[in-house]
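A.B. asks: My questions will all concern the structure given below.
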Amino acid sequence: MSQSRVEGRASFDRFVTARWSALFHLARLLVGGDRHRAEDLLQEALVKLWFAWPKVAEQAPEAYVRKVLARSAARSAQRRWWGERPVDRLPELPEAGDVTAAVDERTRLEAALALLPARQRAAVVLRYYQDLSERQVAGELGCPVGTARSLASRGVARLRQLLSEAAEPVK
């Protein structure tokens, strides 16, 4: 290993040792207090820093890590699933009830969705099933954000009405 590489590793180690606590605290704040997600987020940011270390070591390594942490936290917040979540105790498994009731409910919902006007149905599906933001829904539908918000709101209101009226599956 070359002398400059050894010095680079040593300076990286010193930086991490000196700034770990503050960076971990920042990561915890960015992920809403979840210690395990914060550890994963900080580890990911430090790996990226390691590869960029020769470029950023003399400039602003902490600013670089903050930027990586903020961007990674924002990206992970958009995901619906973050991977494993360690817990102290395993949860009790629910009884496997009647699965036909869930299928019937899903069938009722799909039938009610089919009764919505196409743009309302698209707005509801994109917003709540695909979990897109209002801005993303507007982009997909090619309309202003306010219109997308209105379409989704009216669609959900109509779905509630249809589902509360129907004791039987909607036809």
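Residue numbering restarts at 1 for every chain of the structure tokens, chains are lettered A, B, ... in their displayed order, and ligands are numbered from 1 as they appear.
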Tell me which protein, DNA and RNA residues are within 12 Å of Gly142 in chain A, counting only C-alpha atoms, leaving out same-chain ones fewer than 6 positions away, and put them as a PyMOL selection string.
C.D. replies: chain A and resi 119+122-123+134-136+148
A.B. asks: If you run DSSP on the backbone here, which positions in chain A get helix (DSSP H, G or I)? Please write them as an MDAnalysis selection string.
C.D. replies: chainID A and resid 3:30 35:56 61:78 99:114 118:129 134:141 145:165
A.B. asks: Work out how far CA of Ala27 in chain A is from CA of Ala74 in chain A, in Å to one decimal.
C.D. replies: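 Spanning CA of Ala74 in chain A to CA of Ala27 in chain A is a straight-line distance of 11.3 Å.
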A.B. asks: Which residue, A:Gln130, A:Gln120, A:Ser76, A:Gln43, has the smallest gap to Leu151 in chain A when you use only C-alpha atoms?
C.D. replies: A:Gln120
A.B. asks: Between A:Arg106, A:Arg28, A:Lys48, A:Arg160, which residue has the minimum interatomic distance to Pro61 in chain A, considering only C-alpha atoms?
C.D. replies: A:Lys48
A.B. asks: So, counting only C-alpha atoms, which residue among A:Leu116, A:Ala152, A:Ala157, A:Val31 is closest to Leu132 in chain A?
C.D. replies: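 Smallest distance to Leu132 in chain A is found for A:Ala152.
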A.B. asks: Contacts of range 16-22 of chain A at 9 Å or less, counting only C-alpha atoms, minus same-chain residues fewer than 6 places along, as an MDAnalysis selection string?
C.D. replies: chainID A and resid 42 46 62
A.B. asks: Counting only C-alpha atoms, figure out which residue out of A:Asp13, A:Glu165, A:Asp34, A:Glu140 gets nearest to Arg127 in chain A.
C.D. replies: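 Of all the options, A:Glu140 lies closest to Arg127 in chain A.
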